[in-house]
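The file protein_21.txt contains compact mmCIF, C-alpha atoms and all ligand atoms:
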```txt
# COMPACT_ATOMS: atom_id res chain seq x y z
CA MET A 129 -234.53 -134.72 -137.85
CA GLU A 130 -234.73 -134.84 -141.62
CA ARG A 131 -237.34 -136.30 -143.95
CA THR A 132 -236.82 -137.96 -147.32
CA LEU A 133 -239.12 -139.24 -150.05
CA ILE A 134 -238.66 -142.89 -150.92
CA ILE A 135 -240.47 -144.73 -153.71
CA LEU A 136 -240.39 -148.52 -153.97
CA LYS A 137 -240.56 -148.77 -157.75
CA PRO A 138 -242.75 -151.13 -159.82
CA ASP A 139 -239.99 -153.78 -160.03
CA ALA A 140 -239.68 -153.89 -156.21
CA VAL A 141 -243.47 -154.25 -155.87
CA GLN A 142 -243.82 -156.87 -158.62
CA ARG A 143 -240.93 -158.91 -157.26
CA GLY A 144 -242.40 -159.01 -153.75
CA LEU A 145 -239.51 -157.06 -152.20
CA MET A 146 -241.48 -154.28 -150.46
CA GLY A 147 -241.38 -155.89 -147.02
CA ARG A 148 -237.69 -156.76 -147.16
CA ILE A 149 -236.71 -153.28 -148.30
CA LEU A 150 -238.90 -151.54 -145.71
CA SER A 151 -237.47 -153.83 -143.02
CA ARG A 152 -233.97 -152.57 -143.77
CA PHE A 153 -235.06 -148.99 -143.11
CA GLU A 154 -236.95 -149.98 -139.94
CA ASP A 155 -233.95 -151.97 -138.73
CA LYS A 156 -231.71 -148.96 -139.28
CA GLY A 157 -233.92 -146.73 -137.11
CA LEU A 158 -235.67 -144.71 -139.79
CA VAL A 159 -239.29 -143.93 -139.02
CA LEU A 160 -242.14 -144.21 -141.53
CA VAL A 161 -244.16 -140.97 -141.28
CA ALA A 162 -246.24 -141.24 -144.48
CA ALA A 163 -247.06 -143.95 -147.02
CA ARG A 164 -249.31 -144.50 -149.99
CA PHE A 165 -249.64 -147.42 -152.40
CA ARG A 166 -250.65 -146.05 -155.77
CA LYS A 167 -250.14 -145.91 -159.51
CA LEU A 168 -248.38 -142.78 -160.72
CA ASP A 169 -249.74 -140.93 -163.74
CA GLU A 170 -247.65 -139.32 -166.43
CA SER A 171 -248.11 -135.72 -165.29
CA LEU A 172 -247.03 -136.52 -161.72
CA LEU A 173 -244.04 -138.47 -163.04
CA ALA A 174 -243.12 -135.57 -165.33
CA GLN A 175 -243.04 -133.27 -162.29
CA HIS A 176 -241.15 -135.77 -160.16
CA TYR A 177 -238.50 -136.41 -162.82
CA LYS A 178 -238.43 -132.88 -164.32
CA ASP A 179 -234.63 -132.64 -163.96
CA HIS A 180 -234.22 -135.67 -166.24
CA GLU A 181 -236.43 -134.43 -169.07
CA GLY A 182 -234.59 -134.66 -172.40
CA LYS A 183 -232.19 -137.37 -171.26
CA PRO A 184 -232.06 -140.55 -173.37
CA PHE A 185 -233.55 -142.73 -170.62
CA TYR A 186 -236.37 -140.29 -169.71
CA ALA A 187 -239.20 -141.77 -171.81
CA GLY A 188 -238.39 -145.31 -170.69
CA LEU A 189 -238.16 -144.19 -167.07
CA VAL A 190 -241.58 -142.53 -167.10
CA ARG A 191 -243.13 -145.56 -168.85
CA PHE A 192 -241.60 -147.98 -166.32
CA MET A 193 -242.60 -145.91 -163.29
CA GLY A 194 -246.21 -145.63 -164.42
CA GLU A 195 -246.67 -149.22 -165.51
CA SER A 196 -247.64 -150.73 -162.19
CA PRO A 197 -248.20 -149.56 -158.59
CA VAL A 198 -245.49 -148.18 -156.35
CA LEU A 199 -245.16 -147.63 -152.59
CA VAL A 200 -244.46 -143.95 -151.90
CA MET A 201 -243.14 -143.19 -148.42
CA VAL A 202 -241.67 -140.48 -146.26
CA LEU A 203 -238.95 -141.67 -143.88
CA GLU A 204 -237.63 -139.59 -140.98
CA GLY A 205 -234.33 -139.68 -139.12
CA VAL A 206 -231.15 -137.77 -138.38
CA GLU A 207 -229.51 -137.15 -141.80
CA ALA A 208 -232.19 -139.37 -143.34
CA ILE A 209 -231.44 -138.24 -146.92
CA THR A 210 -227.78 -139.29 -146.81
CA VAL A 211 -228.45 -142.41 -144.75
CA CYS A 212 -231.12 -143.63 -147.20
CA ARG A 213 -228.99 -142.86 -150.28
CA LYS A 214 -226.14 -144.90 -148.75
CA MET A 215 -228.49 -147.79 -148.02
CA MET A 216 -229.84 -147.64 -151.60
CA GLY A 217 -226.40 -147.85 -153.23
CA LYS A 218 -225.22 -146.56 -156.60
CA THR A 219 -227.82 -145.93 -159.31
CA PHE A 220 -227.15 -149.02 -161.42
CA GLY A 221 -227.61 -152.40 -159.77
CA ARG A 222 -224.51 -153.76 -161.43
CA ASP A 223 -222.34 -151.01 -159.88
CA ALA A 224 -223.96 -150.95 -156.44
CA GLU A 225 -222.02 -152.49 -153.57
CA GLY A 226 -223.18 -155.65 -151.82
CA GLY A 227 -225.01 -154.73 -148.63
CA THR A 228 -226.95 -151.97 -150.35
CA ILE A 229 -230.53 -152.40 -151.57
CA ARG A 230 -229.65 -151.97 -155.25
CA GLY A 231 -226.49 -154.03 -154.84
CA ASP A 232 -228.25 -156.95 -153.18
CA PHE A 233 -231.49 -157.08 -155.17
CA GLY A 234 -230.83 -155.88 -158.72
CA VAL A 235 -228.61 -155.96 -161.79
CA SER A 236 -230.42 -153.44 -164.01
CA ARG A 237 -229.77 -149.80 -164.85
CA SER A 238 -233.38 -148.59 -164.95
CA TYR A 239 -235.05 -151.34 -162.86
CA ASN A 240 -233.18 -150.32 -159.73
CA LEU A 241 -235.98 -150.86 -157.20
CA ILE A 242 -235.99 -147.59 -155.30
CA HIS A 243 -236.02 -143.81 -155.52
CA GLY A 244 -234.67 -141.60 -152.73
CA SER A 245 -234.42 -137.79 -152.57
CA ASP A 246 -230.86 -136.57 -153.16
CA SER A 247 -230.85 -133.22 -151.30
CA PRO A 248 -232.92 -131.31 -148.71
CA GLU A 249 -234.39 -129.14 -151.50
CA ALA A 250 -235.38 -132.22 -153.54
CA ALA A 251 -236.85 -133.90 -150.45
CA GLN A 252 -239.02 -130.89 -149.64
CA ARG A 253 -240.24 -130.59 -153.24
CA GLU A 254 -240.88 -134.33 -153.67
CA ILE A 255 -242.68 -134.79 -150.33
CA ALA A 256 -245.02 -131.89 -151.22
CA LEU A 257 -245.65 -133.45 -154.63
CA PHE A 258 -246.93 -136.74 -153.18
CA PHE A 259 -248.40 -135.82 -149.77
CA ASP A 260 -250.49 -133.08 -148.19
CA ALA A 261 -248.92 -131.66 -145.01
CA ASP A 262 -251.53 -133.38 -142.79
CA GLU A 263 -250.75 -136.79 -144.31
CA VAL A 264 -247.26 -136.75 -142.82
CA ILE A 265 -247.68 -138.07 -139.30
CA GLU A 266 -245.69 -136.82 -136.31
CA TRP A 267 -244.98 -139.81 -134.08
CA GLN A 268 -242.17 -141.74 -132.41
CA PRO A 269 -241.85 -145.49 -132.09
CA ALA A 270 -241.71 -146.77 -128.50
CA GLY A 271 -238.06 -147.80 -128.75
CA HIS A 272 -236.91 -144.54 -130.31
CA LYS A 273 -235.03 -143.24 -127.27
CA TRP A 274 -232.64 -146.19 -127.68
CA VAL A 275 -231.93 -145.35 -131.34
CA TYR A 276 -230.54 -141.80 -130.97
CA ASP A 277 -228.76 -140.31 -127.97
CA ALA A 278 -228.78 -136.61 -127.02
CA GLU A 279 -225.61 -135.91 -129.04
CA ASP A 280 -227.13 -137.34 -132.24
CA LEU A 281 -230.10 -135.06 -131.82
CA GLY A 282 -227.81 -132.01 -131.44
P1 LIG B 301 -230.85 -142.04 -158.72
O1 LIG B 301 -232.17 -142.77 -158.74
O2 LIG B 301 -229.74 -142.90 -158.18
O3 LIG B 301 -230.92 -140.69 -158.05
P2 LIG B 301 -230.83 -140.60 -161.25
O4 LIG B 301 -229.58 -140.25 -162.00
O5 LIG B 301 -231.55 -139.51 -160.54
O6 LIG B 301 -230.45 -141.79 -160.25
O7 LIG B 301 -231.81 -141.29 -162.30
C1 LIG B 301 -233.17 -141.49 -162.00
C2 LIG B 301 -233.57 -142.88 -162.43
O8 LIG B 301 -233.49 -142.99 -163.86
C3 LIG B 301 -232.64 -144.00 -161.94
O9 LIG B 301 -232.95 -144.41 -160.62
C4 LIG B 301 -232.88 -145.10 -162.96
O10 LIG B 301 -234.10 -145.79 -162.70
C5 LIG B 301 -233.05 -144.29 -164.25
N1 LIG B 301 -231.79 -144.14 -164.98
C6 LIG B 301 -230.79 -143.25 -164.73
N2 LIG B 301 -229.80 -143.36 -165.63
C7 LIG B 301 -230.20 -144.32 -166.51
C8 LIG B 301 -229.60 -144.91 -167.68
O11 LIG B 301 -228.50 -144.52 -168.11
N3 LIG B 301 -230.30 -145.90 -168.28
C9 LIG B 301 -231.51 -146.33 -167.84
N4 LIG B 301 -232.11 -145.81 -166.77
C10 LIG B 301 -231.46 -144.83 -166.08
MG MG B 302 -232.01 -138.95 -158.58
```

Represent the supplied structure as structure tokens.
Amino acid sequence: MERTLIILKPDAVQRGLMGRILSRFEDKGLVLVAARFRKLDESLLAQHYKDHEGKPFYAGLVRFMGESPVLVMVLEGVEAITVCRKMMGKTFGRDAEGGTIRGDFGVSRSYNLIHGSDSPEAAQREIALFFDADEVIEWQPAGHKWVYDAEDLG
């Protein structure tokens, strides 16, 4: 099982898309193990986006992400990082394939609805940035044994 940090960005919240996006992950079999609805301050955003510091879009990105509340979540599943990135689609809405979250709901480059960790190292760092260890809940939905078989679980 792997965990990934997902943020439904201010545009997703303001456009009333939180439920529809979360439903896609639930439908796929990913399990919500932590969630918090909050506004992100500049210092937290600077840590979260530290790899992008100095890029031309950085200032606009930090402004956008702190402008209005976001839904920060941890999702769990087998290969959750890759599965979620595939479901999100390419970075820019205009490039993202139909059937992906960014492809179906957006056309913008920066207003692309969702953040997802891009590697196990990033996931570990990002989850620790937003949640204390005891805020990530160990649990399994009732139908879980019909989502993965023994081979999936290795
Ligand atoms: P990702 O979210 O698909 O991992 P990153 O390259 O990590 O994409 O960029 C982080 C975020 O910065 C993007 O999700 C998007 O909101 C914003 N962004 C990236 N590149 C650009 C750009 O060229 N113009 C405007 N915003 C950008
Ligand atoms: Mg990224």

* **Site check for ligand LIG 301 (chain B): residues at most 7 Å away, all atoms listed in the file, as JSON, numbers by chain** => {"A": [185, 189, 218, 219, 237, 238, 239, 240, 242, 243, 244, 246]}

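If only C-alpha atoms are the atoms counted, then among A:Glu254, A:Glu263, A:Asp232, A:Glu204 the closest residue to Met129 of chain A is A:Glu204.
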
* To do: Determine the nearest neighbour of Asp179 of chain A from the options A:Leu145, A:Ile135, A:Ala250, A:Tyr276, counting only C-alpha atoms.
  => A:Ala250

* What's the 6 Å shell around segment 156-173 of chain A, counting all atoms listed in the file, without same-chain residues fewer than 5 positions away, as a ChimeraX atom specification? -> /A:194,197-205,264-265

* **12 Å contact set for Lys214 of chain A, all atoms listed in the file, chain neighbours under 6 positions out, as a ChimeraX atom specification** => /A:153,156,207-208,224-231,244-246

* Closest of A:Val141, A:Ala278, A:Pro248, A:Arg148 to Ile209 of chain A - atom-to-atom distances counting only C-alpha atoms -> A:Pro248

Specify the axis-aligned box that encloses all atoms of segment 174-185 of chain A listed in the file after padding of 4 Å on each side, stating its centre and edge lengths in Å to one decimal as lines of an AutoDock Vina configuration file.
```
center_x = -237.6
center_y = -137.7
center_z = -166.8
size_x = 19.1
size_y = 18.1
size_z = 21.2
```

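If you measure from each of A:Ala140, A:Met215, A:Gly234, A:Ile134 to ligand MG 302 (chain B) using all atoms listed in the file, the closest one turns out to be A:Ile134.
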
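With distances taken over only C-alpha atoms and all ligand atoms, A:Ser247 is the one residue among A:Ser247, A:Gln268, A:Ser196, A:Gln252 lying closest to ligand MG 302 (chain B).
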
Show me the residues around (-242.2, -133.3, -158.9) - criterion: an atom at most 7 Å away, all atoms listed in the file counted - as a compact mmCIF listing (two decimals) with C-alpha atoms, keeping the file's coordinate frame.
```txt
# COMPACT_ATOMS: atom_id res chain seq x y z
CA LEU A 172 -247.03 -136.52 -161.72
CA LEU A 173 -244.04 -138.47 -163.04
CA ALA A 174 -243.12 -135.57 -165.33
CA GLN A 175 -243.04 -133.27 -162.29
CA HIS A 176 -241.15 -135.77 -160.16
CA TYR A 177 -238.50 -136.41 -162.82
CA LYS A 178 -238.43 -132.88 -164.32
CA ARG A 253 -240.24 -130.59 -153.24
CA GLU A 254 -240.88 -134.33 -153.67
CA LEU A 257 -245.65 -133.45 -154.63
```

* To do: Pick out the closest residue to ligand MG 302 (chain B) from this set: A:Gly217, A:Gly147, A:Pro138, A:Gly188. Count only C-alpha atoms and all ligand atoms.
  => A:Gly217

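Relative to atom CA of Leu150 of chain A, atom CA of Arg213 of chain A is found at 13.9 Å.
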
* **Interatomic distance (Å, one decimal) between atom CA of Ile149 of chain A and atom CA of Asp277 of chain A** => 25.4 Å

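For the atom pair formed by atom CA of Ala261 of chain A and atom CA of Tyr186 of chain A, the distance is 29.0 Å, given to one decimal.
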